[in-house]
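Reproduced below: upload_27.cif, with mmCIF, C-alpha atoms.
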data_model
#
loop_
_atom_site.label_atom_id
_atom_site.label_comp_id
_atom_site.auth_asym_id
_atom_site.auth_seq_id
_atom_site.Cartn_x
_atom_site.Cartn_y
_atom_site.Cartn_z
CA MET A 420 186.32 215.16 126.97
CA GLU A 421 187.88 212.09 128.60
CA THR A 422 187.42 210.90 132.22
CA ARG A 423 190.44 209.27 133.91
CA LEU A 424 190.99 207.52 137.27
CA VAL A 425 193.82 209.11 139.26
CA SER A 426 195.22 207.70 142.54
CA VAL A 427 196.59 210.14 145.11
CA SER A 428 198.72 209.48 148.21
CA SER A 429 195.73 209.47 150.56
CA GLY A 430 194.40 206.44 148.75
CA VAL A 431 191.44 208.41 147.42
CA ILE A 432 190.52 207.79 143.81
CA LEU A 433 189.67 210.99 141.98
CA LEU A 434 187.80 211.32 138.72
CA LEU A 435 189.46 213.99 136.62
CA ALA A 436 187.91 215.36 133.43
CA VAL A 437 190.72 215.79 130.93
CA THR A 438 190.15 217.66 127.70
CA VAL A 439 191.73 215.74 124.84
CA PRO A 440 192.08 217.58 121.52
CA LEU A 441 190.22 215.99 118.64
CA LYS A 442 192.60 214.20 116.32
CA ALA A 443 193.34 216.06 113.11
CA GLN A 444 191.96 214.18 110.14
CA THR A 445 192.27 214.32 106.40
CA ALA A 446 189.35 215.16 104.12
CA GLU A 447 189.42 211.59 102.81
CA GLU A 448 189.12 210.14 106.31
CA ILE A 449 186.18 212.37 107.15
CA ILE A 450 184.39 211.52 103.91
CA ASP A 451 185.03 207.79 104.38
CA ARG A 452 183.58 207.98 107.90
CA TYR A 453 180.52 209.83 106.59
CA ILE A 454 179.91 207.19 103.92
CA GLU A 455 180.13 204.45 106.56
CA ALA A 456 177.79 206.39 108.86
CA ILE A 457 175.02 206.57 106.26
CA GLY A 458 175.23 202.92 105.28
CA GLY A 459 178.55 202.08 103.65
CA ARG A 460 180.14 202.55 100.25
CA GLN A 461 178.47 199.54 98.66
CA ALA A 462 174.96 200.56 99.77
CA VAL A 463 175.38 204.15 98.55
CA ALA A 464 177.04 203.19 95.26
CA SER A 465 174.20 200.75 94.50
CA ILE A 466 171.69 203.62 94.22
CA GLU A 467 171.27 204.18 90.49
CA THR A 468 168.04 206.20 90.45
CA MET A 469 166.08 208.18 92.98
CA LYS A 470 162.67 209.85 93.25
CA TYR A 471 161.54 212.20 95.99
CA VAL A 472 159.11 215.01 96.73
CA ARG A 473 160.62 218.31 97.84
CA THR A 474 158.42 220.83 99.65
CA VAL A 475 159.90 224.29 100.08
CA LEU A 476 158.57 226.56 102.84
CA ASN A 477 159.63 230.18 103.15
CA THR A 478 158.51 231.81 106.38
CA GLN A 479 159.09 235.26 107.79
CA ASP A 480 158.75 235.71 111.54
CA GLY A 481 156.76 232.49 111.72
CA THR A 482 154.36 233.33 108.86
CA THR A 483 154.49 231.28 105.64
CA ILE A 484 155.04 233.64 102.71
CA GLN A 485 155.73 231.05 100.00
CA GLN A 486 155.26 227.33 99.54
CA SER A 487 156.04 225.06 96.59
CA ARG A 488 156.22 221.34 95.91
CA ARG A 489 158.13 219.44 93.26
CA THR A 490 158.70 215.81 92.41
CA ILE A 491 162.32 215.17 91.49
CA TYR A 492 163.83 212.25 89.59
CA THR A 493 167.55 211.58 89.26
CA LYS A 494 169.63 208.94 87.50
CA ARG A 495 173.37 208.45 87.46
CA PRO A 496 175.47 210.13 86.37
CA TYR A 497 173.80 213.54 85.71
CA PHE A 498 170.20 212.94 84.60
CA TYR A 499 167.72 215.18 86.40
CA ARG A 500 164.00 215.91 86.12
CA THR A 501 161.68 218.11 88.20
CA GLU A 502 157.90 218.38 87.93
CA ASP A 503 156.29 221.39 89.63
CA ALA A 504 152.99 220.51 91.29
CA ASP A 505 151.55 224.04 91.03
CA THR A 506 152.66 225.29 87.61
CA ARG A 507 152.89 221.87 85.93
CA ARG A 508 156.20 222.97 84.48
CA ILE A 509 158.93 220.38 83.92
CA TYR A 510 162.69 220.77 83.79
CA ILE A 511 164.97 218.02 82.45
CA SER A 512 168.71 217.76 81.99
CA ASP A 513 171.19 215.12 80.86
CA GLY A 514 174.14 217.06 82.25
CA MET A 515 175.07 218.51 78.86
CA SER A 516 171.81 220.11 77.72
CA ALA A 517 168.54 221.05 79.42
CA TRP A 518 164.94 221.71 78.44
CA SER A 519 161.91 223.33 80.02
CA GLY A 520 158.51 221.82 79.36
CA ARG A 521 154.91 222.81 79.92
CA ALA A 522 152.14 220.22 80.08
CA VAL A 523 149.23 220.96 77.76
CA ALA A 524 145.87 221.08 79.56
CA ASP A 525 143.65 218.01 79.07
CA SER A 526 146.41 216.29 77.09
CA ASP A 527 149.44 214.06 77.53
CA SER A 528 151.47 216.41 75.31
CA ILE A 529 154.34 218.55 76.56
CA ILE A 530 155.65 221.65 74.82
CA TRP A 531 159.45 221.82 75.12
CA ARG A 532 161.99 224.59 74.69
CA GLU A 533 165.72 224.63 75.35
CA ALA A 534 166.55 225.90 78.82
CA SER A 535 169.15 228.61 79.40
CA PHE A 536 170.50 226.88 82.51
CA VAL A 537 172.04 223.40 82.49
CA LEU A 538 172.15 221.66 85.86
CA ARG A 539 175.44 219.79 86.23
CA SER A 540 175.05 218.67 89.81
CA PRO A 541 176.86 215.53 91.05
CA ASP A 542 175.32 212.09 91.05
CA LEU A 543 171.87 211.85 92.62
CA ASP A 544 171.90 215.39 94.09
CA LEU A 545 169.66 215.63 97.23
CA ASP A 546 171.90 218.51 98.34
CA ARG A 547 174.95 216.73 96.94
CA LEU A 548 175.12 214.37 99.90
CA PHE A 549 174.99 211.12 97.99
CA GLY A 550 177.01 210.08 94.94
CA ALA A 551 179.09 213.26 95.12
CA PHE A 552 181.29 211.62 97.76
CA ILE A 553 181.68 208.24 96.04
CA ASP A 554 184.96 208.22 94.08
CA PHE A 555 184.89 212.02 94.10
CA ALA A 556 188.51 212.34 92.92
CA ARG A 557 187.84 210.23 89.82
CA LYS A 558 184.91 212.49 88.96
CA GLY A 559 187.08 215.58 89.02
CA TYR A 560 186.13 216.93 92.47
CA ARG A 561 188.72 218.03 95.01
CA ALA A 562 188.23 217.79 98.78
CA GLU A 563 190.38 219.61 101.34
CA TYR A 564 190.27 219.69 105.14
CA ALA A 565 189.44 223.25 106.29
CA GLY A 566 189.61 222.99 110.07
CA MET A 567 186.98 222.77 112.80
CA SER A 568 183.94 224.71 113.93
CA GLU A 569 181.41 224.51 116.76
CA ARG A 570 177.67 225.00 116.36
CA GLU A 571 175.08 224.43 119.07
CA GLY A 572 177.59 222.42 121.07
CA ALA A 573 178.54 220.12 118.18
CA GLN A 574 182.20 219.81 117.21
CA LEU A 575 182.37 219.85 113.41
CA HIS A 576 185.03 219.01 110.85
CA ILE A 577 184.90 221.26 107.78
CA VAL A 578 185.67 219.87 104.32
CA THR A 579 185.80 222.17 101.30
CA VAL A 580 184.74 220.43 98.10
CA THR A 581 185.59 222.03 94.77
CA TRP A 582 183.50 220.75 91.88
CA LYS A 583 185.03 220.32 88.44
CA GLU A 584 183.05 223.37 87.27
CA GLY A 585 185.17 225.43 89.69
CA HIS A 586 182.69 226.42 92.42
CA HIS A 587 183.06 225.07 95.94
CA TRP A 588 181.02 224.32 99.05
CA ASP A 589 181.97 223.85 102.68
CA PHE A 590 180.52 220.70 104.28
CA TYR A 591 180.37 220.31 108.08
CA PHE A 592 180.62 216.79 109.53
CA ASP A 593 179.74 215.96 113.14
CA SER A 594 182.85 214.64 114.89
CA SER A 595 180.69 212.37 117.09
CA THR A 596 178.38 210.73 114.55
CA GLY A 597 180.26 211.25 111.29
CA LEU A 598 177.05 212.51 109.67
CA CYS A 599 176.85 215.72 107.67
CA TYR A 600 175.62 218.47 109.99
CA GLY A 601 175.25 221.16 107.32
CA PHE A 602 176.81 222.96 104.39
CA ASN A 603 177.59 226.42 103.05
CA PRO A 604 177.40 226.84 99.25
CA ASN A 605 178.99 230.28 99.46
CA PRO A 606 181.91 229.99 101.90
CA ASN A 607 183.61 233.18 100.68
CA GLY A 608 180.50 235.32 100.94
CA PRO A 609 178.06 236.29 103.68
CA GLU A 610 176.86 233.62 106.10
CA GLY A 611 174.90 231.03 104.14
CA PHE A 612 174.94 228.02 106.44
CA THR A 613 172.26 225.38 105.88
CA ARG A 614 171.51 222.87 108.64
CA VAL A 615 170.92 219.24 107.59
CA ASP A 616 168.85 217.01 109.87
CA HIS A 617 166.01 214.50 110.27
CA TYR A 618 168.08 211.51 109.15
CA ARG A 619 165.91 208.45 108.56
CA ARG A 620 166.68 205.11 107.00
CA ILE A 621 165.56 204.32 103.46
CA GLY A 622 166.48 200.71 102.81
CA ASP A 623 170.10 200.37 103.90
CA VAL A 624 170.94 204.08 103.75
CA LEU A 625 170.41 206.96 106.18
CA VAL A 626 168.89 209.91 104.34
CA PRO A 627 168.45 213.49 105.61
CA HIS A 628 164.80 214.50 105.23
CA ARG A 629 165.20 218.22 105.86
CA ASN A 630 167.54 221.16 105.51
CA ILE A 631 166.95 224.64 106.83
CA SER A 632 168.61 228.04 106.71
CA ILE A 633 167.73 231.23 108.58
CA ASP A 634 168.56 234.76 107.38
CA THR A 635 168.40 237.93 109.40
CA LEU A 636 166.89 240.75 107.31
CA PRO A 637 167.98 244.41 107.49
CA ASP A 638 164.90 245.29 109.56
CA ALA A 639 165.87 242.57 112.09
CA ASP A 640 163.12 240.22 110.92
CA THR A 641 164.12 236.61 110.26
CA ARG A 642 163.38 234.61 107.14
CA GLN A 643 163.53 230.84 107.22
CA HIS A 644 164.06 228.69 104.14
CA GLU A 645 163.10 225.06 104.73
CA ARG A 646 163.26 222.11 102.36
CA ILE A 647 161.40 218.97 103.40
CA TYR A 648 162.04 215.71 101.55
CA SER A 649 159.43 212.96 101.52
CA SER A 650 158.36 209.89 99.53
CA ILE A 651 161.99 209.01 98.87
CA GLU A 652 162.46 205.93 96.66
CA PHE A 653 165.62 204.29 95.30
CA ASN A 654 166.32 202.31 92.13
CA LEU A 655 163.16 202.92 90.17
CA ALA A 656 163.19 201.79 86.53
CA LEU A 657 163.85 205.14 84.79
CA ASP A 658 164.93 205.05 81.16
CA GLU A 659 167.20 207.82 79.89
CA SER A 660 164.43 208.90 77.50
CA PHE A 661 162.51 210.09 80.59
CA PHE A 662 165.11 212.86 80.85
CA LEU A 663 164.97 213.90 77.20
CA PRO A 664 162.41 216.18 75.43
CA ALA A 665 159.99 213.68 74.04
CA LYS A 666 156.39 212.73 74.80
CA ARG A 667 156.28 210.94 78.14
#
Would you mind giving the structure from this file in structure tokens?
Amino acid sequence: METRLVSVSSGVILLLAVTVPLKAQTAEEIIDRYIEAIGGRQAVASIETMKYVRTVLNTQDGTTIQQSRRTIYTKRPYFYRTEDADTRRIYISDGMSAWSGRAVADSDSIIWREASFVLRSPDLDLDRLFGAFIDFARKGYRAEYAGMSEREGAQLHIVTVTWKEGHHWDFYFDSSTGLCYGFNPNPNGPEGFTRVDHYRRIGDVLVPHRNISIDTLPDADTRQHERIYSSIEFNLALDESFFLPAKR
């Protein structure tokens, strides 16, 4: 919406609200603006490792039905480690292979077995909002502009990212701030929109500290899935052996 001064013959100055269509943009322009909004390409690319605590809350009609907490470590390009606070189980991956570990009670030992699932998420994960958008084309990802949407009064640009494994997500970027407003990891299926919010600065970079999705169940109840990120740290000294099945 743009306000313009218009002079009429009576000499009266009128303020007219003129709706100006948002300029069509390319996926690359939207991604570049997002990177600048969270701190700039140099600041984001300088993050080599990350550690954070992820608390997951599942509630149904306001009542918590499940809660879990994990500490997650990541290292470029694909190293990933999670430690479950409740079960003491550990998952590690180097992007090519993965292992599941169980800490032995009253011991520093860990019993490892090969995992059936290998996590090949983009650099530094955290809902794929960091390294995934730095030099994405060189990494084998494809980004395409998919039009606009409006949610809760926000005008959003949609960018579809196709990962080199073949699956794709829709990302929604706020046309006013440039920040990511949310994403849908299943754009061809039922509604699966996840809202991203609570941006706070860690060092030189703005980091979302929460995402949340709400599902309507067949009996009209609602189920809310909330991920809260805390204790976020960048550039810890993490050796690659930390992500391999050996004694810690």
Quiz item: Restricting the calculation to all atoms listed in the file, which member of A:Arg620, A:Ile553, A:His586, A:Thr474 is positioned closest to A:Arg495?
Solution: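 Ranking A:Arg620, A:Ile553, A:His586, A:Thr474 by distance to A:Arg495, first place goes to A:Ile553.
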Practice problem: Could you tell me how far atom CA of A:Asp658 lies from atom CA of A:Tyr618, in Å and to one decimal? | Solution: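 Straight-line distance from atom CA of A:Asp658 to atom CA of A:Tyr618 works out to 28.9 Å.
Contact shell of A:Arg532 at 8 Å (all atoms listed in the file; same-chain neighbours under 6 positions omitted): Trp518, Ser519 and Gly520 of chain A.
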Exercise. Would you write out, as a VMD selection string, every residue that the PyMOL selection byres ((chain A and resi 585) around 12) captures in this file?
Key: chain A and resid 539 559 to 561 580 to 584 586 to 588
Quiz item: Skipping near chain neighbours, those fewer than 4 positions away, what residues fall within 10 Å of A:Arg614 using all atoms listed in the file, listed as a ChimeraX atom specification?
Solution: /A:591,599-603,629-633,645
Quiz item: Interatomic distance between atom CA of A:Val523 and atom CA of A:Arg507?
Solution: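 Taking atom CA of A:Val523 as the start and atom CA of A:Arg507 as the end point, the length is 9.0 Å.
If only C-alpha atoms are the atoms counted, then among A:Pro627, A:Pro606, A:Gly622, A:Gly481 the closest residue to A:Phe653 is A:Gly622.
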Practice problem: Give me the residues within 9 Å of A:Leu655 as a PyMOL selection string, counting only C-alpha atoms and dropping any in the same chain fewer than 2 places off. | Solution: chain A and resi 467-470+652-653+657
Supply stretch 610-634 of chain A as a PDB file, in the coordinates of the input, with N, CA and C atoms built in where the input has gaps.
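part.pdb, written as the output of this step:
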ATOM      1  N   GLU A 610     177.298 234.877 105.469  1.00  0.00           N
ATOM      2  CA  GLU A 610     176.860 233.620 106.100  1.00  0.00           C
ATOM      3  C   GLU A 610     175.735 232.979 105.303  1.00  0.00           C
ATOM      4  N   GLY A 611     175.928 231.736 104.911  1.00  0.00           N
ATOM      5  CA  GLY A 611     174.900 231.030 104.140  1.00  0.00           C
ATOM      6  C   GLY A 611     174.764 229.602 104.605  1.00  0.00           C
ATOM      7  N   PHE A 612     174.933 229.379 105.903  1.00  0.00           N
ATOM      8  CA  PHE A 612     174.940 228.020 106.440  1.00  0.00           C
ATOM      9  C   PHE A 612     173.556 227.397 106.376  1.00  0.00           C
ATOM     10  N   THR A 613     173.501 226.150 105.935  1.00  0.00           N
ATOM     11  CA  THR A 613     172.260 225.380 105.880  1.00  0.00           C
ATOM     12  C   THR A 613     172.403 224.156 106.771  1.00  0.00           C
ATOM     13  N   ARG A 614     171.497 223.997 107.705  1.00  0.00           N
ATOM     14  CA  ARG A 614     171.510 222.870 108.640  1.00  0.00           C
ATOM     15  C   ARG A 614     170.840 221.670 107.997  1.00  0.00           C
ATOM     16  N   VAL A 615     171.456 220.499 108.125  1.00  0.00           N
ATOM     17  CA  VAL A 615     170.920 219.240 107.590  1.00  0.00           C
ATOM     18  C   VAL A 615     170.512 218.363 108.764  1.00  0.00           C
ATOM     19  N   ASP A 616     169.271 217.836 108.740  1.00  0.00           N
ATOM     20  CA  ASP A 616     168.850 217.010 109.870  1.00  0.00           C
ATOM     21  C   ASP A 616     167.734 216.044 109.454  1.00  0.00           C
ATOM     22  N   HIS A 617     167.084 215.478 110.454  1.00  0.00           N
ATOM     23  CA  HIS A 617     166.010 214.500 110.270  1.00  0.00           C
ATOM     24  C   HIS A 617     166.485 213.303 109.434  1.00  0.00           C
ATOM     25  N   TYR A 618     167.599 212.713 109.837  1.00  0.00           N
ATOM     26  CA  TYR A 618     168.080 211.510 109.150  1.00  0.00           C
ATOM     27  C   TYR A 618     167.155 210.337 109.449  1.00  0.00           C
ATOM     28  N   ARG A 619     166.713 209.665 108.408  1.00  0.00           N
ATOM     29  CA  ARG A 619     165.910 208.450 108.560  1.00  0.00           C
ATOM     30  C   ARG A 619     166.374 207.435 107.531  1.00  0.00           C
ATOM     31  N   ARG A 620     166.175 206.172 107.853  1.00  0.00           N
ATOM     32  CA  ARG A 620     166.680 205.110 107.000  1.00  0.00           C
ATOM     33  C   ARG A 620     165.714 204.806 105.856  1.00  0.00           C
ATOM     34  N   ILE A 621     166.274 204.781 104.646  1.00  0.00           N
ATOM     35  CA  ILE A 621     165.560 204.320 103.460  1.00  0.00           C
ATOM     36  C   ILE A 621     166.320 203.092 102.962  1.00  0.00           C
ATOM     37  N   GLY A 622     165.736 201.918 103.131  1.00  0.00           N
ATOM     38  CA  GLY A 622     166.480 200.710 102.810  1.00  0.00           C
ATOM     39  C   GLY A 622     167.679 200.584 103.726  1.00  0.00           C
ATOM     40  N   ASP A 623     168.879 200.530 103.128  1.00  0.00           N
ATOM     41  CA  ASP A 623     170.100 200.370 103.900  1.00  0.00           C
ATOM     42  C   ASP A 623     170.840 201.690 104.122  1.00  0.00           C
ATOM     43  N   VAL A 624     170.224 202.804 103.742  1.00  0.00           N
ATOM     44  CA  VAL A 624     170.940 204.080 103.750  1.00  0.00           C
ATOM     45  C   VAL A 624     170.208 205.111 104.601  1.00  0.00           C
ATOM     46  N   LEU A 625     170.965 205.844 105.431  1.00  0.00           N
ATOM     47  CA  LEU A 625     170.410 206.960 106.180  1.00  0.00           C
ATOM     48  C   LEU A 625     170.312 208.185 105.270  1.00  0.00           C
ATOM     49  N   VAL A 626     169.131 208.797 105.242  1.00  0.00           N
ATOM     50  CA  VAL A 626     168.890 209.910 104.340  1.00  0.00           C
ATOM     51  C   VAL A 626     168.390 211.114 105.137  1.00  0.00           C
ATOM     52  N   PRO A 627     168.984 212.299 104.948  1.00  0.00           N
ATOM     53  CA  PRO A 627     168.450 213.490 105.610  1.00  0.00           C
ATOM     54  C   PRO A 627     167.129 213.896 104.962  1.00  0.00           C
ATOM     55  N   HIS A 628     166.121 214.166 105.767  1.00  0.00           N
ATOM     56  CA  HIS A 628     164.800 214.500 105.230  1.00  0.00           C
ATOM     57  C   HIS A 628     164.485 216.000 105.336  1.00  0.00           C
ATOM     58  N   ARG A 629     165.452 216.795 105.780  1.00  0.00           N
ATOM     59  CA  ARG A 629     165.200 218.220 105.860  1.00  0.00           C
ATOM     60  C   ARG A 629     166.508 218.999 105.845  1.00  0.00           C
ATOM     61  N   ASN A 630     166.481 220.188 105.242  1.00  0.00           N
ATOM     62  CA  ASN A 630     167.540 221.160 105.510  1.00  0.00           C
ATOM     63  C   ASN A 630     166.888 222.518 105.696  1.00  0.00           C
ATOM     64  N   ILE A 631     167.576 223.383 106.444  1.00  0.00           N
ATOM     65  CA  ILE A 631     166.950 224.640 106.830  1.00  0.00           C
ATOM     66  C   ILE A 631     168.018 225.717 106.999  1.00  0.00           C
ATOM     67  N   SER A 632     167.726 226.905 106.508  1.00  0.00           N
ATOM     68  CA  SER A 632     168.610 228.040 106.710  1.00  0.00           C
ATOM     69  C   SER A 632     167.777 229.224 107.195  1.00  0.00           C
ATOM     70  N   ILE A 633     168.413 230.080 108.000  1.00  0.00           N
ATOM     71  CA  ILE A 633     167.730 231.230 108.580  1.00  0.00           C
ATOM     72  C   ILE A 633     168.547 232.480 108.289  1.00  0.00           C
ATOM     73  N   ASP A 634     167.908 233.490 107.703  1.00  0.00           N
ATOM     74  CA  ASP A 634     168.560 234.760 107.380  1.00  0.00           C
ATOM     75  C   ASP A 634     167.980 235.866 108.254  1.00  0.00           C
TER      76      ASP A 634
END
